[in-house]
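Structure data (compact mmCIF, N, CA and C atoms) from work15.txt:
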# COMPACT_ATOMS: atom_id res chain seq x y z
N MET A 32 85.72 -70.15 29.36
CA MET A 32 86.75 -69.14 29.57
C MET A 32 87.10 -68.45 28.24
N LYS A 33 87.18 -69.25 27.20
CA LYS A 33 87.51 -68.72 25.89
C LYS A 33 86.44 -67.73 25.43
N THR A 34 85.17 -68.03 25.71
CA THR A 34 84.05 -67.18 25.33
C THR A 34 84.11 -65.85 26.08
N ILE A 35 84.40 -65.90 27.36
CA ILE A 35 84.50 -64.68 28.16
C ILE A 35 85.64 -63.80 27.66
N PHE A 36 86.78 -64.40 27.38
CA PHE A 36 87.92 -63.65 26.87
C PHE A 36 87.58 -63.00 25.52
N SER A 37 86.91 -63.76 24.65
CA SER A 37 86.51 -63.22 23.35
C SER A 37 85.54 -62.05 23.51
N ALA A 38 84.59 -62.18 24.43
CA ALA A 38 83.61 -61.11 24.67
C ALA A 38 84.31 -59.86 25.18
N ILE A 39 85.23 -60.02 26.12
CA ILE A 39 85.97 -58.87 26.66
C ILE A 39 86.79 -58.21 25.55
N LEU A 40 87.42 -59.00 24.73
CA LEU A 40 88.22 -58.47 23.62
C LEU A 40 87.34 -57.69 22.64
N MET A 41 86.17 -58.23 22.34
CA MET A 41 85.26 -57.55 21.41
C MET A 41 84.77 -56.22 21.99
N VAL A 42 84.44 -56.18 23.25
CA VAL A 42 84.00 -54.94 23.90
C VAL A 42 85.12 -53.91 23.90
N ALA A 43 86.31 -54.33 24.24
CA ALA A 43 87.46 -53.42 24.25
C ALA A 43 87.72 -52.87 22.86
N PHE A 44 87.60 -53.71 21.85
CA PHE A 44 87.81 -53.28 20.47
C PHE A 44 86.74 -52.27 20.06
N ALA A 45 85.48 -52.55 20.41
CA ALA A 45 84.37 -51.65 20.06
C ALA A 45 84.54 -50.30 20.74
N VAL A 46 84.93 -50.28 22.00
CA VAL A 46 85.15 -49.03 22.72
C VAL A 46 86.29 -48.25 22.08
N GLY A 47 87.34 -48.93 21.68
CA GLY A 47 88.48 -48.29 21.03
C GLY A 47 88.10 -47.62 19.73
N ILE A 48 87.25 -48.28 18.95
CA ILE A 48 86.80 -47.71 17.69
C ILE A 48 85.93 -46.48 17.96
N HIS A 49 85.01 -46.60 18.90
CA HIS A 49 84.10 -45.50 19.21
C HIS A 49 84.85 -44.29 19.76
N ALA A 50 85.92 -44.54 20.49
CA ALA A 50 86.66 -43.46 21.13
C ALA A 50 87.44 -42.61 20.11
N GLN A 51 87.65 -43.16 18.91
CA GLN A 51 88.40 -42.40 17.91
C GLN A 51 87.53 -41.26 17.40
N SER A 52 87.98 -40.06 17.56
CA SER A 52 87.18 -38.88 17.25
C SER A 52 87.30 -38.45 15.79
N ARG A 53 86.41 -37.52 15.43
CA ARG A 53 86.47 -36.95 14.08
C ARG A 53 87.80 -36.24 13.87
N LEU A 54 88.32 -35.60 14.92
CA LEU A 54 89.61 -34.91 14.78
C LEU A 54 90.72 -35.91 14.52
N GLU A 55 90.72 -37.02 15.24
CA GLU A 55 91.74 -38.05 14.99
C GLU A 55 91.61 -38.62 13.59
N ASN A 56 90.37 -38.82 13.15
CA ASN A 56 90.15 -39.30 11.78
C ASN A 56 90.63 -38.28 10.76
N ALA A 57 90.40 -37.00 11.03
CA ALA A 57 90.85 -35.93 10.13
C ALA A 57 92.38 -35.91 10.07
N LYS A 58 93.03 -36.08 11.22
CA LYS A 58 94.50 -36.11 11.25
C LYS A 58 95.03 -37.28 10.44
N LYS A 59 94.39 -38.42 10.58
CA LYS A 59 94.81 -39.62 9.84
C LYS A 59 94.63 -39.41 8.34
N GLN A 60 93.47 -38.88 7.95
CA GLN A 60 93.22 -38.62 6.53
C GLN A 60 94.21 -37.59 5.99
N ALA A 61 94.44 -36.53 6.76
CA ALA A 61 95.37 -35.48 6.33
C ALA A 61 96.78 -36.05 6.13
N LEU A 62 97.18 -36.93 7.00
CA LEU A 62 98.50 -37.55 6.89
C LEU A 62 98.59 -38.43 5.65
N GLU A 63 97.56 -39.25 5.43
CA GLU A 63 97.55 -40.16 4.29
C GLU A 63 97.51 -39.42 2.96
N LYS A 64 96.74 -38.33 2.89
CA LYS A 64 96.54 -37.62 1.63
C LYS A 64 97.35 -36.34 1.52
N LYS A 65 98.21 -36.10 2.51
CA LYS A 65 99.06 -34.91 2.53
C LYS A 65 98.22 -33.63 2.46
N GLU A 66 97.24 -33.56 3.35
CA GLU A 66 96.34 -32.42 3.42
C GLU A 66 96.53 -31.67 4.73
N LEU A 67 95.96 -30.47 4.78
CA LEU A 67 95.89 -29.71 6.02
C LEU A 67 94.49 -29.90 6.61
N ILE A 68 94.29 -29.49 7.84
CA ILE A 68 92.99 -29.59 8.49
C ILE A 68 92.48 -28.18 8.75
N LEU A 69 91.25 -27.91 8.32
CA LEU A 69 90.61 -26.64 8.61
C LEU A 69 89.49 -26.91 9.60
N LEU A 70 89.67 -26.42 10.81
CA LEU A 70 88.72 -26.62 11.90
C LEU A 70 87.98 -25.31 12.14
N ASN A 71 86.64 -25.38 12.10
CA ASN A 71 85.82 -24.19 12.29
C ASN A 71 84.90 -24.38 13.49
N PHE A 72 84.91 -23.41 14.39
CA PHE A 72 84.01 -23.38 15.53
C PHE A 72 82.87 -22.44 15.19
N SER A 73 81.65 -22.95 15.27
CA SER A 73 80.51 -22.11 14.90
C SER A 73 79.33 -22.31 15.83
N GLY A 74 78.48 -21.32 15.82
CA GLY A 74 77.18 -21.37 16.48
C GLY A 74 76.16 -21.20 15.37
N SER A 75 75.80 -22.30 14.75
CA SER A 75 75.05 -22.27 13.49
C SER A 75 73.67 -21.65 13.56
N ASP A 76 73.10 -21.53 14.75
CA ASP A 76 71.75 -20.98 14.81
C ASP A 76 71.64 -19.71 15.67
N TRP A 77 72.77 -19.15 16.07
CA TRP A 77 72.70 -17.94 16.88
C TRP A 77 73.80 -16.93 16.55
N CYS A 78 74.88 -17.35 15.95
CA CYS A 78 76.03 -16.48 15.68
C CYS A 78 75.95 -15.96 14.24
N ILE A 79 75.59 -14.68 14.09
CA ILE A 79 75.42 -14.10 12.76
C ILE A 79 76.71 -14.18 11.92
N PRO A 80 77.89 -13.83 12.47
CA PRO A 80 79.11 -13.98 11.67
C PRO A 80 79.37 -15.44 11.26
N CYS A 81 79.01 -16.39 12.12
CA CYS A 81 79.17 -17.82 11.80
C CYS A 81 78.30 -18.19 10.61
N ILE A 82 77.06 -17.72 10.64
CA ILE A 82 76.11 -18.00 9.57
C ILE A 82 76.62 -17.40 8.26
N LYS A 83 77.14 -16.17 8.32
CA LYS A 83 77.70 -15.52 7.12
C LYS A 83 78.93 -16.27 6.61
N LEU A 84 79.78 -16.72 7.52
CA LEU A 84 80.98 -17.47 7.13
C LEU A 84 80.58 -18.74 6.37
N HIS A 85 79.61 -19.45 6.88
CA HIS A 85 79.17 -20.67 6.21
C HIS A 85 78.53 -20.37 4.86
N LYS A 86 77.66 -19.37 4.83
CA LYS A 86 76.96 -19.05 3.58
C LYS A 86 77.91 -18.50 2.51
N ASN A 87 78.78 -17.57 2.90
CA ASN A 87 79.62 -16.87 1.92
C ASN A 87 80.95 -17.54 1.62
N ILE A 88 81.37 -18.49 2.45
CA ILE A 88 82.66 -19.14 2.21
C ILE A 88 82.52 -20.66 2.20
N ILE A 89 82.16 -21.25 3.31
CA ILE A 89 82.22 -22.70 3.47
C ILE A 89 81.27 -23.46 2.54
N GLU A 90 80.12 -22.90 2.27
CA GLU A 90 79.14 -23.59 1.42
C GLU A 90 79.33 -23.31 -0.07
N THR A 91 80.38 -22.58 -0.44
CA THR A 91 80.60 -22.25 -1.84
C THR A 91 81.35 -23.36 -2.57
N GLU A 92 81.21 -23.36 -3.88
CA GLU A 92 81.92 -24.34 -4.71
C GLU A 92 83.43 -24.14 -4.63
N GLU A 93 83.87 -22.88 -4.55
CA GLU A 93 85.31 -22.60 -4.45
C GLU A 93 85.91 -23.25 -3.20
N PHE A 94 85.19 -23.15 -2.08
CA PHE A 94 85.67 -23.75 -0.85
C PHE A 94 85.66 -25.27 -0.95
N LYS A 95 84.58 -25.81 -1.47
CA LYS A 95 84.47 -27.27 -1.60
C LYS A 95 85.57 -27.84 -2.49
N LYS A 96 86.06 -27.01 -3.40
CA LYS A 96 87.17 -27.44 -4.28
C LYS A 96 88.45 -27.67 -3.47
N LEU A 97 88.62 -26.95 -2.35
CA LEU A 97 89.77 -27.19 -1.48
C LEU A 97 89.76 -28.64 -0.97
N GLU A 98 88.57 -29.15 -0.69
CA GLU A 98 88.45 -30.53 -0.22
C GLU A 98 88.66 -31.51 -1.38
N SER A 99 88.02 -31.27 -2.51
CA SER A 99 88.15 -32.20 -3.63
C SER A 99 89.55 -32.18 -4.24
N ASP A 100 90.27 -31.07 -4.10
CA ASP A 100 91.66 -30.99 -4.58
C ASP A 100 92.66 -31.53 -3.56
N HIS A 101 92.16 -32.06 -2.45
CA HIS A 101 93.00 -32.62 -1.38
C HIS A 101 93.95 -31.58 -0.77
N VAL A 102 93.42 -30.38 -0.59
CA VAL A 102 94.17 -29.32 0.09
C VAL A 102 93.87 -29.38 1.58
N ILE A 103 92.58 -29.56 1.91
CA ILE A 103 92.17 -29.58 3.32
C ILE A 103 91.21 -30.73 3.62
N VAL A 104 91.17 -31.05 4.90
CA VAL A 104 90.10 -31.86 5.48
C VAL A 104 89.33 -30.85 6.33
N TYR A 105 88.03 -30.69 6.07
CA TYR A 105 87.23 -29.71 6.79
C TYR A 105 86.51 -30.37 7.95
N LEU A 106 86.57 -29.70 9.10
CA LEU A 106 85.92 -30.20 10.31
C LEU A 106 85.20 -29.04 10.98
N ASN A 107 83.91 -29.22 11.27
CA ASN A 107 83.12 -28.17 11.92
C ASN A 107 82.74 -28.63 13.33
N ALA A 108 83.06 -27.80 14.31
CA ALA A 108 82.63 -28.03 15.69
C ALA A 108 81.53 -27.00 15.95
N ASP A 109 80.30 -27.47 15.88
CA ASP A 109 79.15 -26.57 15.97
C ASP A 109 78.55 -26.60 17.38
N PHE A 110 78.15 -25.42 17.84
CA PHE A 110 77.56 -25.26 19.17
C PHE A 110 76.24 -24.52 19.06
N PRO A 111 75.22 -25.17 18.49
CA PRO A 111 73.91 -24.51 18.36
C PRO A 111 73.23 -24.37 19.71
N ARG A 112 72.32 -23.41 19.80
CA ARG A 112 71.60 -23.17 21.06
C ARG A 112 70.18 -23.73 21.03
N ASN A 113 69.54 -23.69 19.88
CA ASN A 113 68.16 -24.17 19.78
C ASN A 113 68.11 -25.68 20.01
N LYS A 114 67.13 -26.08 20.79
CA LYS A 114 66.99 -27.49 21.15
C LYS A 114 66.87 -28.38 19.91
N LYS A 115 66.14 -27.93 18.90
CA LYS A 115 65.92 -28.74 17.71
C LYS A 115 67.20 -28.94 16.88
N ASN A 116 68.21 -28.11 17.11
CA ASN A 116 69.46 -28.19 16.33
C ASN A 116 70.59 -28.90 17.08
N GLN A 117 70.31 -29.40 18.26
CA GLN A 117 71.36 -30.00 19.08
C GLN A 117 71.91 -31.28 18.45
N PRO A 118 73.23 -31.42 18.44
CA PRO A 118 73.83 -32.67 17.93
C PRO A 118 73.64 -33.79 18.95
N SER A 119 74.04 -34.99 18.56
CA SER A 119 73.96 -36.13 19.47
C SER A 119 74.83 -35.86 20.69
N ALA A 120 74.57 -36.57 21.75
CA ALA A 120 75.35 -36.39 22.99
C ALA A 120 76.83 -36.67 22.75
N ASP A 121 77.13 -37.70 21.95
CA ASP A 121 78.53 -38.03 21.65
C ASP A 121 79.22 -36.90 20.89
N LEU A 122 78.52 -36.36 19.88
CA LEU A 122 79.09 -35.27 19.09
C LEU A 122 79.25 -34.01 19.93
N LYS A 123 78.30 -33.75 20.79
CA LYS A 123 78.37 -32.60 21.69
C LYS A 123 79.61 -32.71 22.58
N LYS A 124 79.83 -33.90 23.14
CA LYS A 124 80.97 -34.14 24.01
C LYS A 124 82.29 -34.00 23.23
N GLU A 125 82.30 -34.54 22.02
CA GLU A 125 83.50 -34.44 21.19
C GLU A 125 83.80 -32.99 20.83
N ASN A 126 82.78 -32.21 20.45
CA ASN A 126 82.97 -30.80 20.12
C ASN A 126 83.51 -30.03 21.33
N ALA A 127 82.99 -30.34 22.52
CA ALA A 127 83.47 -29.68 23.74
C ALA A 127 84.94 -30.01 23.99
N SER A 128 85.32 -31.25 23.74
CA SER A 128 86.71 -31.66 23.92
C SER A 128 87.63 -30.94 22.94
N ILE A 129 87.19 -30.83 21.69
CA ILE A 129 87.97 -30.12 20.67
C ILE A 129 88.08 -28.64 21.04
N ALA A 130 86.99 -28.06 21.54
CA ALA A 130 87.00 -26.65 21.95
C ALA A 130 87.94 -26.43 23.13
N ASP A 131 87.94 -27.36 24.09
CA ASP A 131 88.86 -27.23 25.23
C ASP A 131 90.30 -27.16 24.75
N GLN A 132 90.60 -27.92 23.72
CA GLN A 132 91.97 -27.98 23.21
C GLN A 132 92.32 -26.80 22.30
N TYR A 133 91.40 -26.42 21.41
CA TYR A 133 91.73 -25.43 20.38
C TYR A 133 91.01 -24.09 20.48
N ASN A 134 89.97 -23.99 21.31
CA ASN A 134 89.23 -22.74 21.43
C ASN A 134 88.78 -22.50 22.88
N PRO A 135 89.74 -22.46 23.81
CA PRO A 135 89.37 -22.32 25.22
C PRO A 135 88.69 -20.98 25.55
N LYS A 136 88.89 -19.96 24.72
CA LYS A 136 88.27 -18.66 24.98
C LYS A 136 86.83 -18.60 24.48
N GLY A 137 86.41 -19.61 23.71
CA GLY A 137 85.03 -19.65 23.22
C GLY A 137 84.72 -18.59 22.18
N ILE A 138 85.63 -18.37 21.25
CA ILE A 138 85.45 -17.36 20.19
C ILE A 138 84.60 -17.98 19.07
N PHE A 139 83.63 -17.19 18.57
CA PHE A 139 82.78 -17.65 17.47
C PHE A 139 82.63 -16.55 16.45
N PRO A 140 82.78 -16.82 15.17
CA PRO A 140 83.41 -18.01 14.65
C PRO A 140 84.92 -17.96 14.89
N TYR A 141 85.50 -19.11 14.92
CA TYR A 141 86.95 -19.23 15.07
C TYR A 141 87.38 -20.35 14.14
N THR A 142 88.30 -20.03 13.25
CA THR A 142 88.73 -20.98 12.24
C THR A 142 90.23 -21.18 12.36
N ILE A 143 90.64 -22.44 12.35
CA ILE A 143 92.04 -22.79 12.53
C ILE A 143 92.50 -23.67 11.38
N LEU A 144 93.64 -23.33 10.81
CA LEU A 144 94.29 -24.17 9.81
C LEU A 144 95.46 -24.85 10.50
N MET A 145 95.48 -26.17 10.46
CA MET A 145 96.55 -26.90 11.15
C MET A 145 97.11 -28.01 10.27
N ASP A 146 98.29 -28.46 10.67
CA ASP A 146 98.89 -29.59 9.96
C ASP A 146 98.30 -30.90 10.48
N GLN A 147 98.80 -32.02 9.98
CA GLN A 147 98.26 -33.34 10.33
C GLN A 147 98.48 -33.70 11.80
N ASN A 148 99.39 -33.03 12.46
CA ASN A 148 99.67 -33.31 13.87
C ASN A 148 98.91 -32.40 14.82
N GLY A 149 98.13 -31.47 14.26
CA GLY A 149 97.36 -30.56 15.09
C GLY A 149 98.09 -29.27 15.41
N LYS A 150 99.23 -29.04 14.77
CA LYS A 150 99.98 -27.79 14.98
C LYS A 150 99.27 -26.67 14.21
N ILE A 151 98.96 -25.59 14.91
CA ILE A 151 98.25 -24.47 14.30
C ILE A 151 99.19 -23.69 13.38
N LEU A 152 98.75 -23.53 12.13
CA LEU A 152 99.53 -22.79 11.14
C LEU A 152 98.98 -21.37 10.93
N LYS A 153 97.66 -21.22 11.12
CA LYS A 153 97.00 -19.92 10.91
C LYS A 153 95.65 -19.99 11.60
N SER A 154 95.19 -18.86 12.13
CA SER A 154 93.85 -18.82 12.72
C SER A 154 93.17 -17.51 12.35
N TRP A 155 91.85 -17.58 12.30
CA TRP A 155 91.02 -16.42 12.01
C TRP A 155 90.01 -16.28 13.13
N GLU A 156 90.02 -15.15 13.83
CA GLU A 156 89.01 -14.86 14.84
C GLU A 156 87.91 -14.06 14.17
N GLY A 157 86.69 -14.53 14.30
CA GLY A 157 85.57 -13.85 13.68
C GLY A 157 85.50 -14.17 12.20
N LEU A 158 84.69 -13.40 11.51
CA LEU A 158 84.52 -13.57 10.07
C LEU A 158 85.78 -13.08 9.37
N PRO A 159 86.41 -13.92 8.51
CA PRO A 159 87.62 -13.46 7.81
C PRO A 159 87.34 -12.17 7.04
N SER A 160 88.27 -11.23 7.13
CA SER A 160 88.07 -9.93 6.48
C SER A 160 88.39 -9.97 4.98
N GLU A 161 89.17 -10.96 4.56
CA GLU A 161 89.51 -11.05 3.16
C GLU A 161 88.37 -11.67 2.35
N SER A 162 88.44 -11.47 1.03
CA SER A 162 87.44 -12.06 0.14
C SER A 162 87.60 -13.58 0.13
N ILE A 163 86.61 -14.26 -0.39
CA ILE A 163 86.70 -15.72 -0.46
C ILE A 163 87.90 -16.14 -1.31
N THR A 164 88.16 -15.41 -2.38
CA THR A 164 89.29 -15.72 -3.25
C THR A 164 90.61 -15.59 -2.49
N ALA A 165 90.75 -14.51 -1.73
CA ALA A 165 91.98 -14.30 -0.94
C ALA A 165 92.09 -15.34 0.18
N PHE A 166 90.97 -15.68 0.81
CA PHE A 166 90.95 -16.68 1.89
C PHE A 166 91.44 -18.03 1.35
N ILE A 167 90.88 -18.43 0.23
CA ILE A 167 91.26 -19.72 -0.36
C ILE A 167 92.70 -19.69 -0.85
N LYS A 168 93.13 -18.58 -1.44
CA LYS A 168 94.51 -18.46 -1.90
C LYS A 168 95.49 -18.58 -0.73
N GLU A 169 95.14 -17.96 0.39
CA GLU A 169 96.01 -18.03 1.57
C GLU A 169 96.15 -19.48 2.05
N ILE A 170 95.06 -20.21 2.07
CA ILE A 170 95.11 -21.63 2.48
C ILE A 170 95.97 -22.43 1.51
N ARG A 171 95.76 -22.22 0.21
CA ARG A 171 96.56 -22.95 -0.80
C ARG A 171 98.04 -22.59 -0.69
N ASP A 172 98.34 -21.31 -0.45
CA ASP A 172 99.74 -20.88 -0.31
C ASP A 172 100.39 -21.54 0.90
N ILE A 173 99.67 -21.61 2.01
CA ILE A 173 100.21 -22.24 3.22
C ILE A 173 100.49 -23.71 2.94
N LYS A 174 99.55 -24.37 2.27
CA LYS A 174 99.75 -25.79 1.93
C LYS A 174 100.95 -25.97 1.02
N ASP A 175 101.07 -25.11 0.03
CA ASP A 175 102.20 -25.23 -0.92
C ASP A 175 103.53 -25.04 -0.23
N ASN A 176 103.56 -24.28 0.86
CA ASN A 176 104.81 -24.03 1.58
C ASN A 176 105.07 -25.06 2.68
N GLN A 177 104.17 -26.01 2.87
CA GLN A 177 104.35 -27.05 3.87
C GLN A 177 105.13 -28.23 3.28
N LYS A 178 105.89 -28.85 4.13
CA LYS A 178 106.58 -30.09 3.72
C LYS A 178 105.76 -31.23 4.32
N LEU A 179 104.72 -31.63 3.60
CA LEU A 179 103.80 -32.65 4.13
C LEU A 179 104.24 -34.04 3.73

Let me see the structure of the file written as structure tokens.
Amino acid sequence: MKTIFSAILMVAFAVGIHAQSRLENAKKQALEKKELILLNFSGSDWCIPCIKLHKNIIETEEFKKLESDHVIVYLNADFPRNKKNQPSADLKKENASIADQYNPKGIFPYTILMDQNGKILKSWEGLPSESITAFIKEIRDIKDNQKL
């Protein structure tokens, strides 16, 4: 009986760990480190503005500094179309769940800046029109004005 109870407990614990999503982990990290969450919805292999956003903003050293300076936790929910670029089934399901909650209209790219509780502070539909410097400054200004 003790063995069966232990096995059930271990399975329940494993399922609980697996069920914790990247978004929940991002919220936890943001809370611990007093950061904001930047969530980006992209179509990495079909959406031209998404590809430009990643190349001209997200993949730059200036943007990466937002993460290393503990300003943001970056999370990408990618929806590629090519078979070779498909994420794992679990990640696909998680991205769909995040999209249901934060991007029900299916806008690409769509970028959301939120607090640790998931409250939206700012959103950008499409490719941000401001320069990378202005984009990063806006994020830093929002963080500086938050009581985290």

message: When you look at range 80-85 of chain A with a cut-off of 7 Å (counting all atoms listed in the file), what residues show up, excluding the ones that are within fewer than 5 positions of it in the same chain? I need them as a ChimeraX atom specification.
response: /A:72-75,90-91,139-140,157-159

message: Considering only alpha helix (DSSP H) as DSSP defines it on the backbone, what residues of chain A qualify? List them as an NGL selection string.
response: :A and (33-50 or 53-64 or 79-84 or 92-99 or 120-133 or 163-175)

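Pairwise distance (CA of Asp175 in chain A, CA of Lys64 in chain A) equals 13.9 Å.
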
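Nearest-residue note for Phe94 in chain A: choosing from A:Lys123, A:Ile173, A:Ala61, A:Ile163, the minimum distance belongs to A:Ile163, counting only N, CA and C atoms.
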
field: One-decimal distance in Å that lies between atom N of Met145 in chain A and atom C of Asn113 in chain A
entry: 29.0 Å

- prompt: Can you tell me, as a PyMOL selection string, what residues are no more than 8 Å from Leu144 in chain A when counting all atoms listed in the file, ignoring any on the same chain fewer than 5 positions away?
  reply: chain A and resi 67-71+149-155+170

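Closest to Asp100 in chain A among A:Lys124, A:Lys86, A:Lys65, A:Lys136 is A:Lys65, based on only C-alpha atoms.
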